[in-house]
>>> print(open('coords.pdb').read())   # PDB, C-alpha atoms and all ligand atoms
ATOM      1  CA  MET A   1      11.527  -8.867   1.530  1.00  0.00           C
ATOM      2  CA  PRO A   2       9.768 -12.081   2.502  1.00  0.00           C
ATOM      3  CA  GLY A   3      10.574 -15.149   0.401  1.00  0.00           C
ATOM      4  CA  ARG A   4       8.008 -16.497  -2.027  1.00  0.00           C
ATOM      5  CA  ASP A   5       7.058 -19.171   0.502  1.00  0.00           C
ATOM      6  CA  CYS A   6       7.145 -17.076   3.678  1.00  0.00           C
ATOM      7  CA  PRO A   7       5.673 -19.449   6.286  1.00  0.00           C
ATOM      8  CA  ARG A   8       4.873 -16.988   9.077  1.00  0.00           C
ATOM      9  CA  CYS A   9       1.071 -16.726   8.743  1.00  0.00           C
ATOM     10  CA  PRO A  10      -0.484 -20.199   8.479  1.00  0.00           C
ATOM     11  CA  ARG A  11      -3.921 -18.995   7.390  1.00  0.00           C
ATOM     12  CA  LEU A  12      -2.465 -16.843   4.612  1.00  0.00           C
ATOM     13  CA  VAL A  13      -0.115 -19.614   3.535  1.00  0.00           C
ATOM     14  CA  ALA A  14      -3.089 -21.977   3.167  1.00  0.00           C
ATOM     15  CA  PHE A  15      -5.012 -19.365   1.182  1.00  0.00           C
ATOM     16  CA  ARG A  16      -1.995 -18.744  -1.049  1.00  0.00           C
ATOM     17  CA  GLU A  17      -1.496 -22.478  -1.645  1.00  0.00           C
ATOM     18  CA  ASN A  18      -5.129 -22.872  -2.541  1.00  0.00           C
ATOM     19  CA  TRP A  19      -4.887 -20.107  -5.162  1.00  0.00           C
ATOM     20  CA  ARG A  20      -1.628 -21.507  -6.529  1.00  0.00           C
ATOM     21  CA  GLU A  21      -3.563 -24.671  -7.336  1.00  0.00           C
ATOM     22  CA  ARG A  22      -6.586 -22.857  -8.709  1.00  0.00           C
ATOM     23  CA  GLU A  23      -4.693 -20.245 -10.734  1.00  0.00           C
ATOM     24  CA  PRO A  24      -1.144 -21.457 -11.384  1.00  0.00           C
ATOM     25  CA  GLN A  25      -0.471 -18.547 -13.759  1.00  0.00           C
ATOM     26  CA  TRP A  26      -1.080 -15.962 -11.052  1.00  0.00           C
ATOM     27  CA  PHE A  27       1.702 -14.521  -8.885  1.00  0.00           C
ATOM     28  CA  ASN A  28       0.246 -15.961  -5.626  1.00  0.00           C
ATOM     29  CA  ALA A  29       3.106 -14.919  -3.288  1.00  0.00           C
ATOM     30  CA  PRO A  30       4.111 -12.040  -0.983  1.00  0.00           C
ATOM     31  CA  VAL A  31       4.125  -8.879  -3.098  1.00  0.00           C
ATOM     32  CA  ASP A  32       7.288  -6.778  -2.969  1.00  0.00           C
ATOM     33  CA  SER A  33       7.342  -2.985  -2.801  1.00  0.00           C
ATOM     34  CA  PHE A  34       7.263  -1.127  -6.114  1.00  0.00           C
ATOM     35  CA  GLY A  35       9.341   1.973  -6.813  1.00  0.00           C
ATOM     36  CA  PRO A  36      12.815   3.283  -6.025  1.00  0.00           C
ATOM     37  CA  ALA A  37      14.286   2.766  -2.544  1.00  0.00           C
ATOM     38  CA  ASP A  38      15.642   6.331  -2.573  1.00  0.00           C
ATOM     39  CA  ALA A  39      12.148   7.850  -2.969  1.00  0.00           C
ATOM     40  CA  ARG A  40      10.988  10.518  -0.523  1.00  0.00           C
ATOM     41  CA  VAL A  41       7.444   9.118  -0.388  1.00  0.00           C
ATOM     42  CA  LEU A  42       6.146   5.727   0.698  1.00  0.00           C
ATOM     43  CA  ILE A  43       2.506   4.825   0.097  1.00  0.00           C
ATOM     44  CA  VAL A  44       1.270   2.056   2.371  1.00  0.00           C
ATOM     45  CA  GLY A  45      -1.785   0.047   1.374  1.00  0.00           C
ATOM     46  CA  LEU A  46      -3.572  -2.707   3.246  1.00  0.00           C
ATOM     47  CA  ALA A  47      -2.704  -5.964   1.469  1.00  0.00           C
ATOM     48  CA  PRO A  48      -2.637  -7.379  -2.074  1.00  0.00           C
ATOM     49  CA  GLY A  49      -6.037  -7.733  -3.693  1.00  0.00           C
ATOM     50  CA  LEU A  50      -6.855 -11.266  -4.791  1.00  0.00           C
ATOM     51  CA  ARG A  51      -7.294 -10.407  -8.469  1.00  0.00           C
ATOM     52  CA  GLY A  52      -5.065  -7.327  -8.300  1.00  0.00           C
ATOM     53  CA  ALA A  53      -1.552  -7.497  -6.860  1.00  0.00           C
ATOM     54  CA  ASN A  54      -1.858 -11.164  -5.925  1.00  0.00           C
ATOM     55  CA  ARG A  55      -2.520 -11.970  -9.571  1.00  0.00           C
ATOM     56  CA  THR A  56      -0.068  -9.556 -11.214  1.00  0.00           C
ATOM     57  CA  GLY A  57       2.702  -9.396  -8.592  1.00  0.00           C
ATOM     58  CA  ARG A  58       2.837  -5.577  -8.349  1.00  0.00           C
ATOM     59  CA  PRO A  59       1.095  -3.504  -5.652  1.00  0.00           C
ATOM     60  CA  PHE A  60      -2.270  -2.030  -6.700  1.00  0.00           C
ATOM     61  CA  THR A  61      -1.939  -3.452 -10.199  1.00  0.00           C
ATOM     62  CA  GLY A  62      -4.889  -5.047 -11.948  1.00  0.00           C
ATOM     63  CA  ASP A  63      -7.876  -3.902  -9.932  1.00  0.00           C
ATOM     64  CA  TYR A  64      -9.935  -0.769  -9.434  1.00  0.00           C
ATOM     65  CA  ALA A  65      -7.848   0.579  -6.550  1.00  0.00           C
ATOM     66  CA  GLY A  66      -4.880   0.728  -8.918  1.00  0.00           C
ATOM     67  CA  ASP A  67      -6.823   2.634 -11.579  1.00  0.00           C
ATOM     68  CA  LEU A  68      -7.476   5.453  -9.130  1.00  0.00           C
ATOM     69  CA  LEU A  69      -4.095   5.342  -7.388  1.00  0.00           C
ATOM     70  CA  TYR A  70      -1.935   5.330 -10.508  1.00  0.00           C
ATOM     71  CA  ALA A  71      -4.024   7.992 -12.268  1.00  0.00           C
ATOM     72  CA  THR A  72      -3.604  10.178  -9.181  1.00  0.00           C
ATOM     73  CA  LEU A  73       0.133   9.530  -8.962  1.00  0.00           C
ATOM     74  CA  LYS A  74       0.558  10.448 -12.621  1.00  0.00           C
ATOM     75  CA  HIS A  75      -1.449  13.619 -12.127  1.00  0.00           C
ATOM     76  CA  PHE A  76       0.886  14.791  -9.366  1.00  0.00           C
ATOM     77  CA  GLY A  77       4.122  13.769 -11.086  1.00  0.00           C
ATOM     78  CA  PHE A  78       4.792  10.673  -8.975  1.00  0.00           C
ATOM     79  CA  ALA A  79       4.587   8.290 -11.951  1.00  0.00           C
ATOM     80  CA  ARG A  80       5.463   8.355 -15.631  1.00  0.00           C
ATOM     81  CA  GLY A  81       4.548   6.081 -18.512  1.00  0.00           C
ATOM     82  CA  SER A  82       1.295   4.265 -19.082  1.00  0.00           C
ATOM     83  CA  TYR A  83      -0.505   2.291 -16.455  1.00  0.00           C
ATOM     84  CA  LEU A  84      -1.876  -0.741 -18.278  1.00  0.00           C
ATOM     85  CA  ALA A  85      -2.847  -2.817 -15.239  1.00  0.00           C
ATOM     86  CA  SER A  86      -0.025  -5.287 -15.673  1.00  0.00           C
ATOM     87  CA  ALA A  87       3.380  -5.552 -13.983  1.00  0.00           C
ATOM     88  CA  ASP A  88       5.219  -5.294 -17.328  1.00  0.00           C
ATOM     89  CA  ASP A  89       3.539  -2.104 -18.556  1.00  0.00           C
ATOM     90  CA  GLY A  90       6.764  -0.129 -18.040  1.00  0.00           C
ATOM     91  CA  LEU A  91       5.173   2.352 -15.623  1.00  0.00           C
ATOM     92  CA  GLU A  92       7.811   4.051 -13.465  1.00  0.00           C
ATOM     93  CA  LEU A  93       7.320   5.654 -10.097  1.00  0.00           C
ATOM     94  CA  VAL A  94       9.047   8.974  -9.493  1.00  0.00           C
ATOM     95  CA  ASP A  95      10.236   9.840  -5.967  1.00  0.00           C
ATOM     96  CA  CYS A  96       7.589   7.466  -4.685  1.00  0.00           C
ATOM     97  CA  ARG A  97       7.310   3.832  -3.623  1.00  0.00           C
ATOM     98  CA  ILE A  98       4.311   1.648  -2.854  1.00  0.00           C
ATOM     99  CA  THR A  99       4.065  -1.171  -0.353  1.00  0.00           C
ATOM    100  CA  ASN A 100       1.444  -2.941   1.753  1.00  0.00           C
ATOM    101  CA  ALA A 101       0.974  -3.347   5.510  1.00  0.00           C
ATOM    102  CA  VAL A 102       0.510  -7.080   4.903  1.00  0.00           C
ATOM    103  CA  ARG A 103       2.348  -8.678   1.975  1.00  0.00           C
ATOM    104  CA  CYS A 104       0.120 -11.692   1.295  1.00  0.00           C
ATOM    105  CA  VAL A 105      -3.448 -11.646   0.068  1.00  0.00           C
ATOM    106  CA  PRO A 106      -5.914 -12.228   2.922  1.00  0.00           C
ATOM    107  CA  PRO A 107      -9.356 -13.802   2.449  1.00  0.00           C
ATOM    108  CA  GLU A 108     -11.954 -11.072   1.819  1.00  0.00           C
ATOM    109  CA  ASN A 109      -9.268  -8.364   2.081  1.00  0.00           C
ATOM    110  CA  LYS A 110      -9.238  -8.760   5.858  1.00  0.00           C
ATOM    111  CA  PRO A 111      -5.965  -9.659   7.554  1.00  0.00           C
ATOM    112  CA  LEU A 112      -6.259 -10.826  11.150  1.00  0.00           C
ATOM    113  CA  PRO A 113      -4.666  -8.686  13.874  1.00  0.00           C
ATOM    114  CA  GLN A 114      -1.957 -11.298  14.412  1.00  0.00           C
ATOM    115  CA  GLU A 115      -1.119 -11.343  10.694  1.00  0.00           C
ATOM    116  CA  ILE A 116      -0.720  -7.566  10.723  1.00  0.00           C
ATOM    117  CA  VAL A 117       1.671  -7.855  13.665  1.00  0.00           C
ATOM    118  CA  THR A 118       3.578 -10.726  12.062  1.00  0.00           C
ATOM    119  CA  CYS A 119       4.157  -8.894   8.784  1.00  0.00           C
ATOM    120  CA  ARG A 120       5.335  -5.710  10.524  1.00  0.00           C
ATOM    121  CA  ASP A 121       8.999  -6.720  10.259  1.00  0.00           C
ATOM    122  CA  PHE A 122       8.844  -6.330   6.501  1.00  0.00           C
ATOM    123  CA  LEU A 123       7.479  -2.806   6.677  1.00  0.00           C
ATOM    124  CA  ALA A 124      10.203  -1.992   9.213  1.00  0.00           C
ATOM    125  CA  ALA A 125      12.840  -3.298   6.788  1.00  0.00           C
ATOM    126  CA  THR A 126      11.345  -1.270   3.947  1.00  0.00           C
ATOM    127  CA  LEU A 127      11.382   1.899   6.040  1.00  0.00           C
ATOM    128  CA  GLN A 128      14.940   1.278   7.115  1.00  0.00           C
ATOM    129  CA  GLU A 129      16.274   1.012   3.594  1.00  0.00           C
ATOM    130  CA  MET A 130      14.567   4.253   2.495  1.00  0.00           C
ATOM    131  CA  ARG A 131      17.264   6.744   3.470  1.00  0.00           C
ATOM    132  CA  GLU A 132      15.609   9.747   1.781  1.00  0.00           C
ATOM    133  CA  LEU A 133      12.131   9.101   3.171  1.00  0.00           C
ATOM    134  CA  ARG A 134      10.191  12.233   4.146  1.00  0.00           C
ATOM    135  CA  ALA A 135       6.511  11.366   3.862  1.00  0.00           C
ATOM    136  CA  ILE A 136       4.142   8.437   4.150  1.00  0.00           C
ATOM    137  CA  VAL A 137       0.666   8.156   2.707  1.00  0.00           C
ATOM    138  CA  ALA A 138      -1.389   5.607   4.640  1.00  0.00           C
ATOM    139  CA  LEU A 139      -4.342   4.218   2.720  1.00  0.00           C
ATOM    140  CA  GLY A 140      -6.783   3.276   5.453  1.00  0.00           C
ATOM    141  CA  ARG A 141      -6.622   2.767   9.176  1.00  0.00           C
ATOM    142  CA  VAL A 142      -4.736  -0.541   9.130  1.00  0.00           C
ATOM    143  CA  ALA A 143      -1.912   0.936   7.051  1.00  0.00           C
ATOM    144  CA  HIS A 144      -1.871   4.023   9.271  1.00  0.00           C
ATOM    145  CA  GLU A 145      -1.608   2.016  12.489  1.00  0.00           C
ATOM    146  CA  GLN A 146       0.946  -0.365  11.016  1.00  0.00           C
ATOM    147  CA  PHE A 147       3.191   2.573  10.205  1.00  0.00           C
ATOM    148  CA  VAL A 148       2.662   4.343  13.541  1.00  0.00           C
ATOM    149  CA  VAL A 149       3.433   1.228  15.575  1.00  0.00           C
ATOM    150  CA  THR A 150       6.367   0.248  13.351  1.00  0.00           C
ATOM    151  CA  GLY A 151       7.816   3.689  14.032  1.00  0.00           C
ATOM    152  CA  GLY A 152       7.582   3.034  17.780  1.00  0.00           C
ATOM    153  CA  ALA A 153       4.797   5.554  18.457  1.00  0.00           C
ATOM    154  CA  ARG A 154       1.558   5.078  20.397  1.00  0.00           C
ATOM    155  CA  ARG A 155      -1.534   4.502  18.296  1.00  0.00           C
ATOM    156  CA  SER A 156      -3.662   6.689  20.578  1.00  0.00           C
ATOM    157  CA  ALA A 157      -1.335   9.659  20.055  1.00  0.00           C
ATOM    158  CA  PHE A 158      -1.929   9.608  16.288  1.00  0.00           C
ATOM    159  CA  PRO A 159      -5.576   8.825  15.488  1.00  0.00           C
ATOM    160  CA  PHE A 160      -6.362   8.017  11.874  1.00  0.00           C
ATOM    161  CA  GLY A 161      -8.507  10.511   9.967  1.00  0.00           C
ATOM    162  CA  HIS A 162      -8.945  11.060   6.268  1.00  0.00           C
ATOM    163  CA  GLY A 163      -7.112  14.234   5.211  1.00  0.00           C
ATOM    164  CA  ARG A 164      -5.117  14.478   8.426  1.00  0.00           C
ATOM    165  CA  ALA A 165      -1.363  14.976   8.522  1.00  0.00           C
ATOM    166  CA  HIS A 166       0.743  13.861  11.495  1.00  0.00           C
ATOM    167  CA  GLN A 167       4.354  14.617  12.332  1.00  0.00           C
ATOM    168  CA  LEU A 168       6.345  11.634  13.597  1.00  0.00           C
ATOM    169  CA  GLY A 169       9.910  12.778  14.078  1.00  0.00           C
ATOM    170  CA  ALA A 170      11.251  13.781  10.672  1.00  0.00           C
ATOM    171  CA  LEU A 171       8.445  12.023   8.819  1.00  0.00           C
ATOM    172  CA  THR A 172       5.059  13.425   7.883  1.00  0.00           C
ATOM    173  CA  LEU A 173       2.208  10.937   7.689  1.00  0.00           C
ATOM    174  CA  PHE A 174      -0.754  11.755   5.447  1.00  0.00           C
ATOM    175  CA  ASP A 175      -3.956   9.773   5.936  1.00  0.00           C
ATOM    176  CA  SER A 176      -6.473   8.810   3.297  1.00  0.00           C
ATOM    177  CA  TYR A 177      -9.329   6.401   3.143  1.00  0.00           C
ATOM    178  CA  HIS A 178      -8.327   3.398   1.067  1.00  0.00           C
ATOM    179  CA  CYS A 179      -8.976   3.848  -2.659  1.00  0.00           C
ATOM    180  CA  SER A 180     -10.900   0.573  -2.931  1.00  0.00           C
ATOM    181  CA  ARG A 181     -13.864   0.140  -5.216  1.00  0.00           C
ATOM    182  CA  TYR A 182     -16.044  -0.367  -2.136  1.00  0.00           C
ATOM    183  CA  ASN A 183     -15.065   3.008  -0.666  1.00  0.00           C
ATOM    184  CA  THR A 184     -15.570   4.860  -3.929  1.00  0.00           C
ATOM    185  CA  ASN A 185     -18.840   3.077  -4.753  1.00  0.00           C
ATOM    186  CA  THR A 186     -20.255   3.949  -1.356  1.00  0.00           C
ATOM    187  CA  GLY A 187     -19.069   7.563  -1.559  1.00  0.00           C
ATOM    188  CA  VAL A 188     -16.758   7.223   1.454  1.00  0.00           C
ATOM    189  CA  LEU A 189     -13.955   8.376  -0.824  1.00  0.00           C
ATOM    190  CA  THR A 190     -14.410  10.403  -3.995  1.00  0.00           C
ATOM    191  CA  PRO A 191     -11.611  10.798  -6.565  1.00  0.00           C
ATOM    192  CA  GLN A 192     -11.452  14.481  -5.598  1.00  0.00           C
ATOM    193  CA  MET A 193     -11.015  13.655  -1.904  1.00  0.00           C
ATOM    194  CA  PHE A 194      -8.193  11.326  -2.895  1.00  0.00           C
ATOM    195  CA  ARG A 195      -6.557  13.949  -5.117  1.00  0.00           C
ATOM    196  CA  ASP A 196      -6.762  16.476  -2.281  1.00  0.00           C
ATOM    197  CA  VAL A 197      -4.556  14.251  -0.106  1.00  0.00           C
ATOM    198  CA  PHE A 198      -1.933  14.016  -2.835  1.00  0.00           C
ATOM    199  CA  ALA A 199      -2.140  17.763  -3.485  1.00  0.00           C
ATOM    200  CA  GLN A 200      -1.314  18.255   0.201  1.00  0.00           C
ATOM    201  CA  LEU A 201       1.593  15.824  -0.124  1.00  0.00           C
ATOM    202  CA  ARG A 202       2.914  17.517  -3.273  1.00  0.00           C
ATOM    203  CA  GLN A 203       2.752  20.907  -1.601  1.00  0.00           C
ATOM    204  CA  HIS A 204       4.569  19.566   1.453  1.00  0.00           C
ATOM    205  CA  LEU A 205       7.398  18.097  -0.624  1.00  0.00           C
ATOM    206  CA  ASP A 206       7.744  21.153  -2.838  1.00  0.00           C
ATOM    207  CA  ALA A 207       7.919  23.395   0.219  1.00  0.00           C
ATOM    208  CA  ALA A 208      10.631  21.172   1.692  1.00  0.00           C
ATOM    209  CA  GLY A 209      12.658  21.618  -1.536  1.00  0.00           C
TER     210      GLY A 209
HETATM  211  S1  LIG B   1       1.681 -11.808   5.422  1.00  0.00           S
HETATM  212 FE1  LIG B   1       3.835 -11.254   5.659  1.00  0.00          FE
HETATM  213  S2  LIG B   1       4.574 -12.403   7.431  1.00  0.00           S
HETATM  214 FE2  LIG B   1       2.620 -13.330   6.796  1.00  0.00          FE
HETATM  215  S3  LIG B   1       3.195 -15.011   5.423  1.00  0.00           S
HETATM  216 FE3  LIG B   1       2.867 -13.209   4.131  1.00  0.00          FE
HETATM  217  S4  LIG B   1       4.847 -12.213   3.920  1.00  0.00           S
HETATM  218 FE4  LIG B   1       4.997 -13.680   5.607  1.00  0.00          FE
END
>>> encode(input="coords.pdb", output="structure tokens")
Amino acid sequence: MPGRDCPRCPRLVAFRENWREREPQWFNAPVDSFGPADARVLIVGLAPGLRGANRTGRPFTGDYAGDLLYATLKHFGFARGSYLASADDGLELVDCRITNAVRCVPPENKPLPQEIVTCRDFLAATLQEMRELRAIVALGRVAHEQFVVTGGARRSAFPFGHGRAHQLGALTLFDSYHCSRYNTNTGVLTPQMFRDVFAQLRQHLDAAG
């Protein structure tokens, strides 16, 4: 896990510092993974949202993307408790963990290619400590490619596509469009399309026993 003041991406450090001054009560630091390390599922998002995870300190917590993600996780038995959009709401993840391809909030939700590469070490460390890992859900192309490359595979061999499943060694990668407000507002992703991906995941895990 990167330290609170991880210095590796100068542009993101400057952005973080700026928001620490503007909103000193916010988390404003690299956001750690949420959920048990012995989970069989890892969900990989893009990066903390400015007023979501960057504010609350927990992935997908406090913005629209979290409303859809956590409701879906609860529906399929991957979460229990109440999601109240704050890191201390007591929500627990079950057999599931959530992380981001890039741990610091980027301006306009857009990390630069170099920042994605630089933060890859932390995804690698997360994957390494998850001994029971069986499946990944990548939310969006950046998360998908970050996982594929971190696993040592060629991007071109595993093209991203919503609803697709890929086999990478012992791990199955499920792709979904990101559950951002933009994607749902524009109809790129409907809640049903999102649920269908998790239904596929649930079925896969249940079949594996
Ligand atoms: S994005 Fe990752 S590598 Fe870059 S500063 Fe943040 S934690 Fe460090």
>>> residues_near_ligand(input="coords.pdb", ligand="ligand LIG 1 (chain B)", cutoff="10 Å", atoms="all atoms listed in the file", output="ChimeraX atom specification")
/A:1-14,16,29-32,47-48,100-106,111-112,114-123
>>> resolve_selection(input="coords.pdb", expression="the PyMOL selection byres (((chain A and resi 95) around 9) and not hetatm)", output="list of chain:residue names")
A:Gly35, A:Pro36, A:Ala37, A:Asp38, A:Ala39, A:Arg40, A:Val41, A:Leu42, A:Gly77, A:Phe78, A:Ala79, A:Leu93, A:Val94, A:Cys96, A:Arg97
>>> atom_distance(input="coords.pdb", atom1="CA of Thr72 in chain A", atom2="CA of Ala143 in chain A")
18.8 Å
>>> residues_around(input="coords.pdb", residues="Ala87 in chain A", least_positions_apart="2", cutoff="6 Å", atoms="all atoms listed in the file", output="list of chain:residue names")
A:Thr56, A:Arg58, A:Asp89
>>> resolve_selection(input="coords.pdb", expression="the PyMOL selection byres (((chain A and resi 141) around 10) and not hetatm)", output="ChimeraX atom specification")
/A:45-46,138-140,142-147,159-162,175-178
>>> closest_residue(input="coords.pdb", among="A:Leu173, A:Arg80, A:Ala124, A:Tyr64", to="Gly152 in chain A", atoms="all atoms listed in the file")
A:Ala124
>>> closest_atom_pairs(input="coords.pdb", of="range 39-99 of chain A", to="range 188-197 of chain A", cutoff="12 Å", atoms="all atoms listed in the file", output="tab-separated table")
residue	atom	partner	partner_atom	distance
A:Ile43	CA	A:Val197	CA	11.8
A:Ala65	CA	A:Pro191	CA	10.9
A:Asp67	CA	A:Pro191	CA	10.7
A:Leu68	CA	A:Pro191	CA	7.2
A:Leu69	CA	A:Phe194	CA	8.5
A:Tyr70	CA	A:Arg195	CA	11.2
A:Ala71	CA	A:Arg195	CA	9.6
A:Thr72	CA	A:Arg195	CA	6.3
A:Leu73	CA	A:Arg195	CA	8.9
A:Lys74	CA	A:Arg195	CA	10.9
A:His75	CA	A:Arg195	CA	8.7
A:Phe76	CA	A:Arg195	CA	8.6
>>> write_last_selection(input="coords.pdb", atoms="C-alpha atoms", output="PDB file, in the coordinates of the input")
ATOM      1  CA  ILE A  43       2.506   4.825   0.097  1.00  0.00           C
ATOM      2  CA  ALA A  65      -7.848   0.579  -6.550  1.00  0.00           C
ATOM      3  CA  ASP A  67      -6.823   2.634 -11.579  1.00  0.00           C
ATOM      4  CA  LEU A  68      -7.476   5.453  -9.130  1.00  0.00           C
ATOM      5  CA  LEU A  69      -4.095   5.342  -7.388  1.00  0.00           C
ATOM      6  CA  TYR A  70      -1.935   5.330 -10.508  1.00  0.00           C
ATOM      7  CA  ALA A  71      -4.024   7.992 -12.268  1.00  0.00           C
ATOM      8  CA  THR A  72      -3.604  10.178  -9.181  1.00  0.00           C
ATOM      9  CA  LEU A  73       0.133   9.530  -8.962  1.00  0.00           C
ATOM     10  CA  LYS A  74       0.558  10.448 -12.621  1.00  0.00           C
ATOM     11  CA  HIS A  75      -1.449  13.619 -12.127  1.00  0.00           C
ATOM     12  CA  PHE A  76       0.886  14.791  -9.366  1.00  0.00           C
TER      13      PHE A  76
END
>>> resolve_selection(input="coords.pdb", expression="the PyMOL selection byres (((chain A and resi 33) around 6) and not hetatm)", output="PyMOL selection string")
chain A and resi 32+34+98-99
>>> closest_residue(input="coords.pdb", among="A:Phe15, A:Tyr182, A:Trp26, A:Tyr83", to="Phe60 in chain A", atoms="only C-alpha atoms")
A:Tyr83
>>> axis_aligned_box(input="coords.pdb", around="range 36-52 of chain A", padding_each_side="8 Å", output="AutoDock Vina command-line options")
--center_x 4.2 --center_y -0.4 --center_z -2.6 --size_x 38.9 --size_y 37.8 --size_z 27.7
>>> atom_distance(input="coords.pdb", atom1="CA of Gly62 in chain A", atom2="CA of Asn28 in chain A")
13.6 Å
>>> atom_distance(input="coords.pdb", atom1="CA of Glu21 in chain A", atom2="CA of Arg51 in chain A")
14.8 Å
>>> closest_residue(input="coords.pdb", among="A:Val148, A:Trp19, A:Gly81, A:Asp88", to="Asn54 in chain A", atoms="only C-alpha atoms")
A:Trp19
>>> residues_around(input="coords.pdb", residues="Ala208 in chain A", least_positions_apart="6", cutoff="12 Å", atoms="all atoms listed in the file", output="PDB file with C-alpha atoms, in the frame of the given file")
ATOM      1  CA  ARG A  40      10.988  10.518  -0.523  1.00  0.00           C
ATOM      2  CA  ARG A 134      10.191  12.233   4.146  1.00  0.00           C
ATOM      3  CA  ALA A 135       6.511  11.366   3.862  1.00  0.00           C
ATOM      4  CA  ALA A 170      11.251  13.781  10.672  1.00  0.00           C
ATOM      5  CA  LEU A 171       8.445  12.023   8.819  1.00  0.00           C
ATOM      6  CA  THR A 172       5.059  13.425   7.883  1.00  0.00           C
ATOM      7  CA  LEU A 201       1.593  15.824  -0.124  1.00  0.00           C
ATOM      8  CA  ARG A 202       2.914  17.517  -3.273  1.00  0.00           C
TER       9      ARG A 202
END
>>> closest_residue(input="coords.pdb", among="A:Ile136, A:Leu127, A:Val44, A:Ala199", to="Cys179 in chain A", atoms="all atoms listed in the file")
A:Val44
>>> closest_residue(input="coords.pdb", among="A:Leu133, A:Gly90, A:Thr184, A:Gln200", to="Gly163 in chain A", atoms="all atoms listed in the file")
A:Gln200
>>> build_atoms(input="coords.pdb", residues="range 66-77 of chain A", atoms="N, CA and C atoms", output="mmCIF file, in the coordinates of the input")
data_model
loop_
_atom_site.group_PDB
_atom_site.id
_atom_site.type_symbol
_atom_site.label_atom_id
_atom_site.label_comp_id
_atom_site.auth_asym_id
_atom_site.auth_seq_id
_atom_site.Cartn_x
_atom_site.Cartn_y
_atom_site.Cartn_z
ATOM 1 N N GLY A 66 -6.051 0.303 -8.136
ATOM 2 C CA GLY A 66 -4.880 0.728 -8.918
ATOM 3 C C GLY A 66 -5.241 1.772 -9.954
ATOM 4 N N ASP A 67 -6.413 1.641 -10.571
ATOM 5 C CA ASP A 67 -6.823 2.634 -11.579
ATOM 6 C C ASP A 67 -6.806 4.030 -10.963
ATOM 7 N N LEU A 68 -7.400 4.147 -9.783
ATOM 8 C CA LEU A 68 -7.476 5.453 -9.130
ATOM 9 C C LEU A 68 -6.112 5.893 -8.595
ATOM 10 N N LEU A 69 -5.392 4.971 -7.970
ATOM 11 C CA LEU A 69 -4.095 5.342 -7.388
ATOM 12 C C LEU A 69 -3.112 5.783 -8.475
ATOM 13 N N TYR A 70 -2.956 4.991 -9.510
ATOM 14 C CA TYR A 70 -1.935 5.330 -10.508
ATOM 15 C C TYR A 70 -2.313 6.585 -11.312
ATOM 16 N N ALA A 71 -3.604 6.760 -11.573
ATOM 17 C CA ALA A 71 -4.024 7.992 -12.268
ATOM 18 C C ALA A 71 -3.677 9.205 -11.402
ATOM 19 N N THR A 72 -3.896 9.073 -10.103
ATOM 20 C CA THR A 72 -3.604 10.178 -9.181
ATOM 21 C C THR A 72 -2.098 10.425 -9.099
ATOM 22 N N LEU A 73 -1.327 9.365 -9.027
ATOM 23 C CA LEU A 73 0.133 9.530 -8.962
ATOM 24 C C LEU A 73 0.656 10.213 -10.224
ATOM 25 N N LYS A 74 0.119 9.808 -11.372
ATOM 26 C CA LYS A 74 0.558 10.448 -12.621
ATOM 27 C C LYS A 74 0.200 11.940 -12.611
ATOM 28 N N HIS A 75 -0.983 12.236 -12.155
ATOM 29 C CA HIS A 75 -1.449 13.619 -12.127
ATOM 30 C C HIS A 75 -0.505 14.518 -11.318
ATOM 31 N N PHE A 76 0.027 13.976 -10.234
ATOM 32 C CA PHE A 76 0.886 14.791 -9.366
ATOM 33 C C PHE A 76 2.379 14.571 -9.610
ATOM 34 N N GLY A 77 2.709 13.909 -10.709
ATOM 35 C CA GLY A 77 4.122 13.769 -11.086
ATOM 36 C C GLY A 77 4.869 12.684 -10.336
#
